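File shown: my_file32.csv. Contents: CSV, C-alpha atoms.
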```
chain,number,residue,atom,x,y,z
A,1,MET,CA,139.3,161.8,69.9
A,2,ALA,CA,140.7,163.1,73.1
A,3,SER,CA,139.9,159.9,75.0
A,4,ARG,CA,141.9,157.8,72.5
A,5,GLU,CA,145.1,159.7,73.3
A,6,VAL,CA,147.5,157.7,75.5
A,7,PRO,CA,148.1,159.6,78.7
A,8,GLU,CA,151.7,160.5,79.2
A,9,ILE,CA,153.4,159.0,82.3
A,10,ASN,CA,155.1,161.6,84.3
A,11,ALA,CA,158.7,160.6,84.2
A,12,GLY,CA,159.9,163.5,86.2
A,13,SER,CA,160.7,161.4,89.3
A,14,MET,CA,162.6,158.9,87.3
A,15,ALA,CA,165.8,160.9,87.9
A,16,ASP,CA,165.1,160.9,91.6
A,17,ILE,CA,164.8,157.1,91.7
A,18,ALA,CA,167.9,156.7,89.7
A,19,PHE,CA,169.7,159.1,92.0
A,20,LEU,CA,168.6,157.1,95.0
A,21,LEU,CA,170.1,153.9,93.5
A,22,LEU,CA,173.2,155.8,92.5
A,23,ILE,CA,173.8,157.1,96.0
A,24,PHE,CA,173.3,153.6,97.4
A,25,PHE,CA,176.0,152.2,95.2
A,26,LEU,CA,178.2,155.1,95.7
A,27,VAL,CA,178.1,154.5,99.5
A,28,THR,CA,178.5,150.7,99.3
A,29,THR,CA,181.3,150.8,96.7
A,30,THR,CA,184.7,149.9,98.1
A,31,MET,CA,187.2,151.1,95.6
A,32,ASP,CA,190.2,150.4,97.8
A,33,VAL,CA,192.9,148.4,96.1
A,34,ASP,CA,194.4,145.8,98.3
A,35,THR,CA,198.1,146.2,98.6
A,36,GLY,CA,200.7,144.4,100.5
A,37,ILE,CA,204.1,142.7,100.6
A,38,THR,CA,204.0,139.5,98.7
A,39,ARG,CA,206.0,136.5,99.9
A,40,LYS,CA,206.4,132.9,99.1
A,41,LEU,CA,206.5,130.5,102.0
A,42,PRO,CA,208.8,127.6,101.8
A,43,PRO,CA,207.4,124.1,101.7
A,44,PRO,CA,207.4,122.4,105.1
A,45,VAL,CA,210.5,120.5,106.1
A,46,GLU,CA,210.0,116.8,106.3
A,47,ASP,CA,212.9,115.8,108.5
A,48,ASP,CA,215.8,117.5,110.2
A,49,THR,CA,218.1,117.5,107.3
A,50,LYS,CA,220.9,120.0,108.0
A,51,ILE,CA,221.7,122.1,105.1
A,52,ASP,CA,225.3,122.9,104.8
A,53,TYR,CA,226.0,126.5,104.4
A,54,ASN,CA,229.0,128.7,104.7
A,55,GLU,CA,228.9,131.1,107.7
A,56,ARG,CA,230.0,134.0,105.5
A,57,ASN,CA,227.0,133.6,103.2
A,58,ILE,CA,224.4,134.1,105.9
A,59,PHE,CA,223.3,137.5,106.9
A,60,LYS,CA,221.5,137.0,110.2
A,61,VAL,CA,218.7,139.4,111.1
A,62,LEU,CA,217.0,138.9,114.4
A,63,VAL,CA,214.1,140.8,115.8
A,64,SER,CA,213.6,140.6,119.5
A,65,SER,CA,210.3,140.6,121.4
A,66,SER,CA,210.9,144.2,122.3
A,67,ASP,CA,211.2,145.0,118.6
A,68,ARG,CA,214.9,145.5,118.7
A,69,LEU,CA,217.1,144.5,115.9
A,70,MET,CA,220.2,142.3,116.0
A,71,VAL,CA,222.2,142.1,112.8
A,72,GLU,CA,225.1,139.7,112.5
A,73,GLY,CA,225.4,139.4,116.2
A,74,SER,CA,225.3,143.0,117.2
A,75,LEU,CA,222.7,145.5,118.1
A,76,SER,CA,221.6,147.4,115.1
A,77,ASP,CA,219.1,149.9,113.8
A,78,ILE,CA,216.4,149.6,111.1
A,79,ARG,CA,217.7,152.8,109.5
A,80,THR,CA,220.9,151.2,108.5
A,81,LEU,CA,219.5,147.8,107.7
A,82,LYS,CA,218.9,148.4,104.0
A,83,GLU,CA,222.5,149.6,103.4
A,84,ASP,CA,223.9,146.7,105.4
A,85,VAL,CA,222.0,144.2,103.3
A,86,LYS,CA,223.1,145.9,100.1
A,87,GLU,CA,226.7,145.9,101.1
A,88,PHE,CA,226.5,142.3,102.2
A,89,MET,CA,224.9,141.2,99.0
A,90,THR,CA,227.2,143.0,96.7
A,91,ASN,CA,230.4,142.6,98.7
A,92,PRO,CA,232.2,145.4,96.8
A,93,GLY,CA,235.6,144.9,98.4
A,94,ASN,CA,235.5,141.1,97.9
A,95,ARG,CA,236.0,140.7,101.7
A,96,GLU,CA,236.6,137.3,103.2
A,97,ASP,CA,233.8,137.7,105.7
A,98,LEU,CA,231.2,138.7,103.2
A,99,PRO,CA,229.5,136.2,100.8
A,100,GLU,CA,231.2,134.4,98.0
A,101,LYS,CA,230.3,135.3,94.4
A,102,GLU,CA,229.7,132.8,91.7
A,103,THR,CA,230.1,133.7,88.0
A,104,LYS,CA,227.1,132.5,86.2
A,105,TYR,CA,226.1,132.6,82.7
A,106,ILE,CA,222.6,134.1,82.4
A,107,GLU,CA,220.8,134.5,79.1
A,108,ASN,CA,220.6,138.1,77.9
A,109,LEU,CA,223.1,139.2,80.5
A,110,GLY,CA,226.1,137.1,79.8
A,111,ASP,CA,228.5,136.1,82.5
A,112,ILE,CA,227.6,137.9,85.7
A,113,GLU,CA,228.7,137.6,89.3
A,114,VAL,CA,225.8,136.3,91.4
A,115,SER,CA,226.1,136.6,95.2
A,116,LYS,CA,225.6,133.5,97.2
A,117,GLY,CA,224.5,135.5,100.2
A,118,VAL,CA,221.2,134.8,101.9
A,119,VAL,CA,219.4,137.0,104.4
A,120,SER,CA,218.1,134.9,107.3
A,121,LEU,CA,215.3,136.6,109.2
A,122,LYS,CA,214.3,135.4,112.6
A,123,ASN,CA,211.7,136.8,114.8
A,124,ASP,CA,210.3,136.2,118.3
A,125,ARG,CA,206.7,135.3,119.0
A,126,GLY,CA,206.5,138.6,120.9
A,127,THR,CA,207.7,140.8,118.0
A,128,SER,CA,205.1,143.2,116.9
A,129,TYR,CA,203.7,142.8,113.4
A,130,GLU,CA,204.4,146.4,112.6
A,131,MET,CA,208.1,145.9,113.2
A,132,TYR,CA,208.2,142.7,111.3
A,133,ILE,CA,206.6,144.4,108.3
A,134,LYS,CA,209.1,147.2,108.6
A,135,VAL,CA,212.0,144.8,108.5
A,136,GLN,CA,210.5,142.9,105.6
A,137,ASN,CA,210.0,146.2,103.8
A,138,GLU,CA,213.6,147.2,104.3
A,139,LEU,CA,214.8,143.9,103.0
A,140,THR,CA,212.5,144.2,100.0
A,141,THR,CA,213.8,147.7,99.3
A,142,ALA,CA,217.4,146.5,99.5
A,143,PHE,CA,216.8,143.8,96.9
A,144,ARG,CA,214.7,146.0,94.7
A,145,GLU,CA,217.5,148.6,94.6
A,146,LEU,CA,220.0,145.9,93.8
A,147,ARG,CA,217.8,144.8,90.9
A,148,ASP,CA,217.4,148.4,89.8
A,149,ASP,CA,221.2,148.6,89.7
A,150,VAL,CA,221.6,145.6,87.5
A,151,SER,CA,218.7,146.7,85.3
A,152,MET,CA,220.1,150.2,84.9
A,153,ARG,CA,223.5,148.8,84.0
A,154,PHE,CA,222.3,146.5,81.3
A,155,TYR,CA,219.1,148.1,80.0
A,156,GLY,CA,219.2,151.6,81.2
A,157,VAL,CA,215.8,151.4,82.9
A,158,LYS,CA,214.7,150.6,86.4
A,159,PHE,CA,213.5,147.1,87.1
A,160,LYS,CA,209.8,148.1,87.5
A,161,ASN,CA,209.9,149.7,84.1
A,162,LEU,CA,211.5,146.7,82.5
A,163,LEU,CA,208.6,145.2,80.5
A,164,ASN,CA,210.3,142.5,78.5
A,165,GLU,CA,209.6,139.2,80.4
A,166,ASP,CA,212.9,137.5,79.4
A,167,ARG,CA,214.8,140.5,80.6
A,168,ARG,CA,212.9,140.6,83.9
A,169,LYS,CA,213.7,136.9,84.4
A,170,ALA,CA,217.4,137.5,83.7
A,171,VAL,CA,217.6,140.3,86.2
A,172,GLN,CA,215.7,138.2,88.7
A,173,LYS,CA,218.2,135.5,88.2
A,174,ALA,CA,221.1,137.8,88.6
A,175,VAL,CA,219.7,139.2,91.9
A,176,PRO,CA,217.6,136.4,93.5
A,177,MET,CA,215.3,137.4,96.3
A,178,ALA,CA,217.3,135.6,98.9
A,179,ILE,CA,215.3,136.0,102.1
A,180,SER,CA,215.0,133.0,104.2
A,181,GLU,CA,212.8,132.8,107.3
A,182,ALA,CA,214.1,130.7,110.1
A,183,GLU,CA,211.9,127.9,111.5
A,184,PRO,CA,210.0,129.4,114.4
A,185,GLU,CA,211.2,128.8,117.9
A,186,ASN,CA,211.0,130.8,121.1
A,187,ILE,CA,213.9,133.1,121.5
A,188,GLY,CA,214.5,136.0,123.8
A,189,GLY,CA,211.8,135.3,126.4
A,190,ASN,CA,208.9,137.7,126.5
B,1,MET,CA,152.1,195.7,71.5
B,2,ALA,CA,150.5,192.3,71.2
B,3,ARG,CA,153.6,190.8,69.9
B,4,PHE,CA,155.5,192.1,72.9
B,5,LYS,CA,153.1,190.5,75.3
B,6,LYS,CA,153.3,187.2,73.6
B,7,LYS,CA,157.0,187.0,74.1
B,8,LYS,CA,156.8,187.9,77.7
B,9,SER,CA,154.2,185.2,78.4
B,10,SER,CA,156.4,182.5,77.0
B,11,GLY,CA,158.8,183.4,79.8
B,12,MET,CA,162.1,181.5,80.4
B,13,GLN,CA,162.8,178.6,78.1
B,14,LYS,CA,162.5,175.3,79.9
B,15,ILE,CA,165.6,173.2,79.8
B,16,ASN,CA,164.8,169.7,78.5
B,17,THR,CA,165.6,167.4,81.3
B,18,SER,CA,164.3,164.2,79.7
B,19,ALA,CA,167.8,163.0,79.2
B,20,LEU,CA,168.7,163.4,82.9
B,21,PRO,CA,167.6,160.0,84.0
B,22,ASP,CA,169.7,158.4,81.2
B,23,ILE,CA,172.8,160.2,82.4
B,24,ILE,CA,172.1,159.1,86.0
B,25,PHE,CA,171.4,155.6,84.9
B,26,MET,CA,174.7,155.5,83.1
B,27,LEU,CA,176.5,156.6,86.3
B,28,LEU,CA,174.4,154.0,88.2
B,29,PHE,CA,175.5,151.2,85.9
B,30,PHE,CA,179.1,152.2,86.2
B,31,PHE,CA,179.0,152.0,90.0
B,32,MET,CA,177.0,148.8,89.9
B,33,VAL,CA,179.6,147.1,87.7
B,34,THR,CA,182.6,148.4,89.6
B,35,THR,CA,181.2,147.7,93.0
B,36,THR,CA,182.5,144.8,95.0
B,37,MET,CA,180.5,144.3,98.1
B,38,ARG,CA,182.3,143.5,101.2
B,39,GLU,CA,181.9,139.8,101.7
B,40,VAL,CA,182.6,139.5,105.3
B,41,THR,CA,181.8,141.8,108.1
B,42,PRO,CA,184.9,142.4,110.1
B,43,LEU,CA,184.7,141.3,113.7
B,44,VAL,CA,188.3,142.4,114.5
B,45,MET,CA,189.9,145.7,114.3
B,46,VAL,CA,192.6,145.9,111.7
B,47,VAL,CA,194.9,148.8,111.2
B,48,ALA,CA,197.3,147.7,108.6
B,49,PRO,CA,200.9,148.5,109.0
B,50,GLU,CA,202.6,150.8,106.5
B,51,ALA,CA,205.1,149.8,103.9
B,52,SER,CA,206.6,151.3,100.8
B,53,GLU,CA,207.4,148.2,98.8
B,54,VAL,CA,203.9,147.0,98.3
B,55,GLN,CA,202.4,145.2,95.4
B,56,LYS,CA,198.8,145.3,94.2
B,57,LEU,CA,196.7,142.3,94.8
B,58,GLU,CA,195.4,141.3,91.5
B,59,LYS,CA,192.6,139.0,90.7
B,60,LYS,CA,190.6,139.5,93.8
B,61,SER,CA,188.5,136.4,93.2
B,62,LEU,CA,191.6,134.3,93.8
B,63,VAL,CA,192.4,135.8,97.1
B,64,SER,CA,191.4,134.4,100.5
B,65,TYR,CA,191.5,136.7,103.5
B,66,ILE,CA,192.6,135.9,107.0
B,67,TYR,CA,191.9,138.7,109.5
B,68,VAL,CA,193.9,139.0,112.7
B,69,GLY,CA,193.3,141.6,115.3
B,70,VAL,CA,191.7,142.5,118.6
B,71,PRO,CA,187.9,141.8,118.6
B,72,MET,CA,185.7,144.9,118.2
B,73,LYS,CA,183.4,143.8,121.0
B,74,LYS,CA,186.0,143.7,123.7
B,75,ALA,CA,183.6,143.0,126.5
B,76,LYS,CA,182.3,139.9,124.8
B,77,PHE,CA,185.4,138.5,123.1
B,78,GLY,CA,188.3,139.8,125.1
B,79,THR,CA,191.3,141.8,124.1
B,80,GLU,CA,193.5,139.0,122.9
B,81,SER,CA,194.3,139.0,119.2
B,82,ARG,CA,192.0,136.6,117.4
B,83,ILE,CA,191.8,135.1,113.9
B,84,GLN,CA,188.7,135.7,111.8
B,85,LEU,CA,187.8,133.4,108.9
B,86,ASN,CA,184.7,134.3,106.9
B,87,ASP,CA,182.2,135.6,109.4
B,88,ALA,CA,183.4,133.9,112.6
B,89,PHE,CA,186.3,133.7,114.9
B,90,ALA,CA,188.5,130.7,114.4
B,91,SER,CA,191.4,128.9,115.9
B,92,THR,CA,194.6,128.2,114.1
B,93,ALA,CA,193.6,124.6,113.5
B,94,GLU,CA,190.6,125.7,111.4
B,95,ILE,CA,192.8,127.4,108.8
B,96,ALA,CA,193.5,124.1,107.0
B,97,GLU,CA,189.8,123.5,106.5
B,98,PHE,CA,189.2,127.1,105.4
B,99,ILE,CA,191.9,126.9,102.8
B,100,ALA,CA,190.6,123.6,101.6
B,101,THR,CA,187.1,125.1,101.1
B,102,GLU,CA,188.5,128.1,99.4
B,103,LYS,CA,190.3,125.7,97.0
B,104,GLU,CA,187.2,123.8,96.4
B,105,ASN,CA,185.4,126.9,95.3
B,106,ARG,CA,187.9,127.8,92.6
B,107,SER,CA,188.3,126.0,89.3
B,108,GLU,CA,191.2,123.5,88.8
B,109,GLU,CA,193.3,125.8,86.6
B,110,ASP,CA,193.0,128.7,89.0
B,111,ARG,CA,194.2,126.9,92.1
B,112,PRO,CA,197.9,127.4,91.6
B,113,PHE,CA,197.4,131.2,91.5
B,114,MET,CA,195.5,131.4,94.7
B,115,THR,CA,196.9,133.9,97.3
B,116,THR,CA,196.2,134.2,100.9
B,117,SER,CA,196.1,137.7,102.2
B,118,ILE,CA,196.9,138.2,105.9
B,119,LYS,CA,195.2,141.3,107.1
B,120,ALA,CA,196.6,141.7,110.5
B,121,ASP,CA,196.6,144.6,112.9
B,122,LYS,CA,199.9,146.3,113.3
B,123,ALA,CA,199.9,145.7,117.1
B,124,THR,CA,199.5,141.9,116.7
B,125,ARG,CA,202.2,139.8,118.1
B,126,MET,CA,204.1,137.7,115.6
B,127,GLY,CA,203.3,134.5,117.5
B,128,VAL,CA,199.8,134.4,116.0
B,129,ILE,CA,201.1,135.2,112.5
B,130,THR,CA,203.8,132.5,112.8
B,131,ASP,CA,201.2,130.0,113.7
B,132,ILE,CA,199.1,131.0,110.7
B,133,LYS,CA,202.1,130.8,108.4
B,134,GLN,CA,203.0,127.3,109.7
B,135,GLU,CA,199.5,126.2,109.1
B,136,LEU,CA,199.5,127.6,105.6
B,137,ARG,CA,202.7,125.9,104.8
B,138,LYS,CA,201.2,122.6,105.9
B,139,VAL,CA,198.3,122.9,103.5
B,140,GLY,CA,200.4,124.1,100.6
B,141,ALA,CA,199.1,127.7,100.4
B,142,PHE,CA,202.5,129.2,99.8
B,143,LYS,CA,201.6,132.4,98.2
B,144,ILE,CA,200.9,135.0,100.8
B,145,ASN,CA,200.5,138.7,101.0
B,146,TYR,CA,201.0,140.8,104.1
B,147,SER,CA,198.3,143.4,103.7
B,148,SER,CA,199.8,146.8,104.3
B,149,ARG,CA,199.1,150.4,103.3
B,150,LYS,CA,201.3,152.0,100.8
B,151,VAL,CA,203.2,155.0,101.9
B,152,ALA,CA,206.0,156.8,100.0
B,153,LYS,CA,208.4,156.5,102.9
B,154,ILE,CA,208.0,154.8,106.2
B,155,LYS,CA,208.7,156.5,109.5
B,156,TYR,CA,211.1,154.9,111.8
```
Take the structure from the file and write it as structure tokens.
Amino acid sequence: MASREVPEINAGSMADIAFLLLIFFLVTTTMDVDTGITRKLPPPVEDDTKIDYNERNIFKVLVSSSDRLMVEGSLSDIRTLKEDVKEFMTNPGNREDLPEKETKYIENLGDIEVSKGVVSLKNDRGTSYEMYIKVQNELTTAFRELRDDVSMRFYGVKFKNLLNEDRRKAVQKAVPMAISEAEPENIGGN
Amino acid sequence: MARFKKKKSSGMQKINTSALPDIIFMLLFFFMVTTTMREVTPLVMVVAPEASEVQKLEKKSLVSYIYVGVPMKKAKFGTESRIQLNDAFASTAEIAEFIATEKENRSEEDRPFMTTSIKADKATRMGVITDIKQELRKVGAFKINYSSRKVAKIKY
């Protein structure tokens, strides 16, 4: 009778084997989420068609090869860039040298003044990537805060908390992400 | 007396550990499923710049990566910033081909949503990045992402 009994397999080391595999996957796992600043590149320009623009509608930001900032023709600092952009885009005093505004009808929002301003970013080949990202970051912050303002005024929530797709589109239309990058050329030496 | 002895001989109760492998296996499967193995071995050193306005890159399967940085093996490859595509160094001219292959590997309906993530070291000069951007514009890969680490506030 005893010989017919199936011998039990010792499963005590099963846990050890599983542990070994577990540790392997624990080590190889990369849980890091990729984050970054998203941008959309413009399609390549076919010919040298000059686009007419009004000087007052352009906010010129230039980053030199030594990572210094020139805003609207004068030396500036990255710390003031965000506020400068916001002031330029909103033009609260309706000044002549700041961009025009156009009253547009936007669905869900009604008639709203949309700035015609565009931020033009130009950098040198020698600019460091870190500085470039900092500038891009400041510009994004400025536009994000402007969108927050509009979103707060109409819906009482910040833009990132606005979940309704139509409402998001409306706010995006009211504050377009007007960042234009100049065609590359060599400026400012090394 | 005899009853006492019997109790003592049974000693400490053994904890039933037969369910332990099951628990471990469960954890194992969790990690197996969530794991995404690194597809390329980085040949360049990349310390991403910091930014506060970052967005998460969703749908990793639709993202192609371009690495830019100083080679790890400086003695062999020099200290100039280089571009890495897949597992090899590449020149700017090879980006078009790389993007074309990446497009081939995705299904037709996914192609408009493809993103190119530029993972560049913060000390890189913009000249290289500009060249890459120009190349991407030519091949119609307009959606890009400048890979950067999220911080609450950037230091000036």
Pick out the residues sitting within 6 Å of stretch 52-63 of chain B, and hand them over as a PyMOL selection string; count all atoms listed in the file, and ignore anything fewer than 4 positions along from it in its own chain.
(chain A and resi 34-37+137) or (chain B and resi 114-116+150-153)
Chain B residues near chain A (7 Å cut-off, all atoms listed in the file) as a PDB file with C-alpha atoms, in the frame of the given file:
```pdb
ATOM      1  CA  LEU B  20     168.700 163.400  82.900  1.00  0.00           C
ATOM      2  CA  PRO B  21     167.600 160.000  84.000  1.00  0.00           C
ATOM      3  CA  ILE B  24     172.100 159.100  86.000  1.00  0.00           C
ATOM      4  CA  PHE B  25     171.400 155.600  84.900  1.00  0.00           C
ATOM      5  CA  LEU B  28     174.400 154.000  88.200  1.00  0.00           C
ATOM      6  CA  PHE B  31     179.000 152.000  90.000  1.00  0.00           C
ATOM      7  CA  MET B  32     177.000 148.800  89.900  1.00  0.00           C
ATOM      8  CA  THR B  35     181.200 147.700  93.000  1.00  0.00           C
ATOM      9  CA  THR B  36     182.500 144.800  95.000  1.00  0.00           C
ATOM     10  CA  MET B  37     180.500 144.300  98.100  1.00  0.00           C
ATOM     11  CA  PRO B  49     200.900 148.500 109.000  1.00  0.00           C
ATOM     12  CA  ALA B  51     205.100 149.800 103.900  1.00  0.00           C
ATOM     13  CA  SER B  52     206.600 151.300 100.800  1.00  0.00           C
ATOM     14  CA  GLU B  53     207.400 148.200  98.800  1.00  0.00           C
ATOM     15  CA  VAL B  54     203.900 147.000  98.300  1.00  0.00           C
ATOM     16  CA  GLN B  55     202.400 145.200  95.400  1.00  0.00           C
ATOM     17  CA  LYS B  56     198.800 145.300  94.200  1.00  0.00           C
ATOM     18  CA  LEU B  57     196.700 142.300  94.800  1.00  0.00           C
ATOM     19  CA  LYS B 122     199.900 146.300 113.300  1.00  0.00           C
ATOM     20  CA  ALA B 123     199.900 145.700 117.100  1.00  0.00           C
ATOM     21  CA  THR B 124     199.500 141.900 116.700  1.00  0.00           C
ATOM     22  CA  ARG B 125     202.200 139.800 118.100  1.00  0.00           C
ATOM     23  CA  MET B 126     204.100 137.700 115.600  1.00  0.00           C
ATOM     24  CA  GLY B 127     203.300 134.500 117.500  1.00  0.00           C
ATOM     25  CA  ARG B 137     202.700 125.900 104.800  1.00  0.00           C
ATOM     26  CA  LYS B 138     201.200 122.600 105.900  1.00  0.00           C
ATOM     27  CA  PHE B 142     202.500 129.200  99.800  1.00  0.00           C
ATOM     28  CA  LYS B 143     201.600 132.400  98.200  1.00  0.00           C
ATOM     29  CA  ILE B 144     200.900 135.000 100.800  1.00  0.00           C
ATOM     30  CA  ASN B 145     200.500 138.700 101.000  1.00  0.00           C
ATOM     31  CA  TYR B 146     201.000 140.800 104.100  1.00  0.00           C
ATOM     32  CA  SER B 147     198.300 143.400 103.700  1.00  0.00           C
ATOM     33  CA  SER B 148     199.800 146.800 104.300  1.00  0.00           C
ATOM     34  CA  ARG B 149     199.100 150.400 103.300  1.00  0.00           C
ATOM     35  CA  LYS B 150     201.300 152.000 100.800  1.00  0.00           C
TER      36      LYS B 150
END
```
I need the residue nearest B:Thr79 from this list: B:Val44, B:Ala100, B:Val139, B:Ile66. Use only C-alpha atoms for the distance.
B:Val44
Separation of atom CA of A:Lys101 from atom CA of A:Val71 in Å:
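About the pair atom CA of A:Val71 and atom CA of A:Lys101: they are 21.2 Å apart.
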Give me the residues near A:Ala182 as JSON, numbers by chain, where near means some atom within 12 Å (using all atoms listed in the file) and where sequence neighbours in that chain fewer than 5 positions away do not count.
{"A": [41, 42, 44, 45, 58, 59, 60, 61, 62, 63, 118, 119, 120, 121, 122, 123, 124, 187], "B": [130, 134]}
Separation of atom CA of A:Glu145 from atom CA of A:Glu96, in Å and rounded to one decimal
23.8 Å
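Atom CA of A:Asp97 to atom CA of A:Ser115 spans 13.1 Å [interatomic distance, one decimal].
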Using all atoms listed in the file, which of the listed residues (B:Glu50, B:Asp22, B:Glu104, B:Glu39) sits closest to B:Ile154?
B:Glu50
The residue from B:Glu94, B:Leu43, B:Lys14, B:Glu108 with the smallest atom-to-atom distance to B:Lys76, counting all atoms listed in the file, is B:Leu43
I'd like to know which of A:Gly93, A:Pro99, A:Gly73, A:Pro7 is closest to A:Val114, using only C-alpha atoms.
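Of A:Gly93, A:Pro99, A:Gly73, A:Pro7, the one nearest A:Val114 is A:Pro99, counting only C-alpha atoms.
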Just want the 10 Å neighbourhood of stretch 149-159 of chain A, counted on all atoms listed in the file, with same-chain residues fewer than 3 positions away dropped. Output as number ranges by chain.
A: 108-109, 112, 143-146, 162-163, 167-168, 170-172, 174-175
Using only C-alpha atoms, which of B:Ala19, B:Tyr65, B:Thr41, B:Leu136 sits nearest B:Ala96?
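Among the listed residues, B:Leu136 lies closest to B:Ala96.
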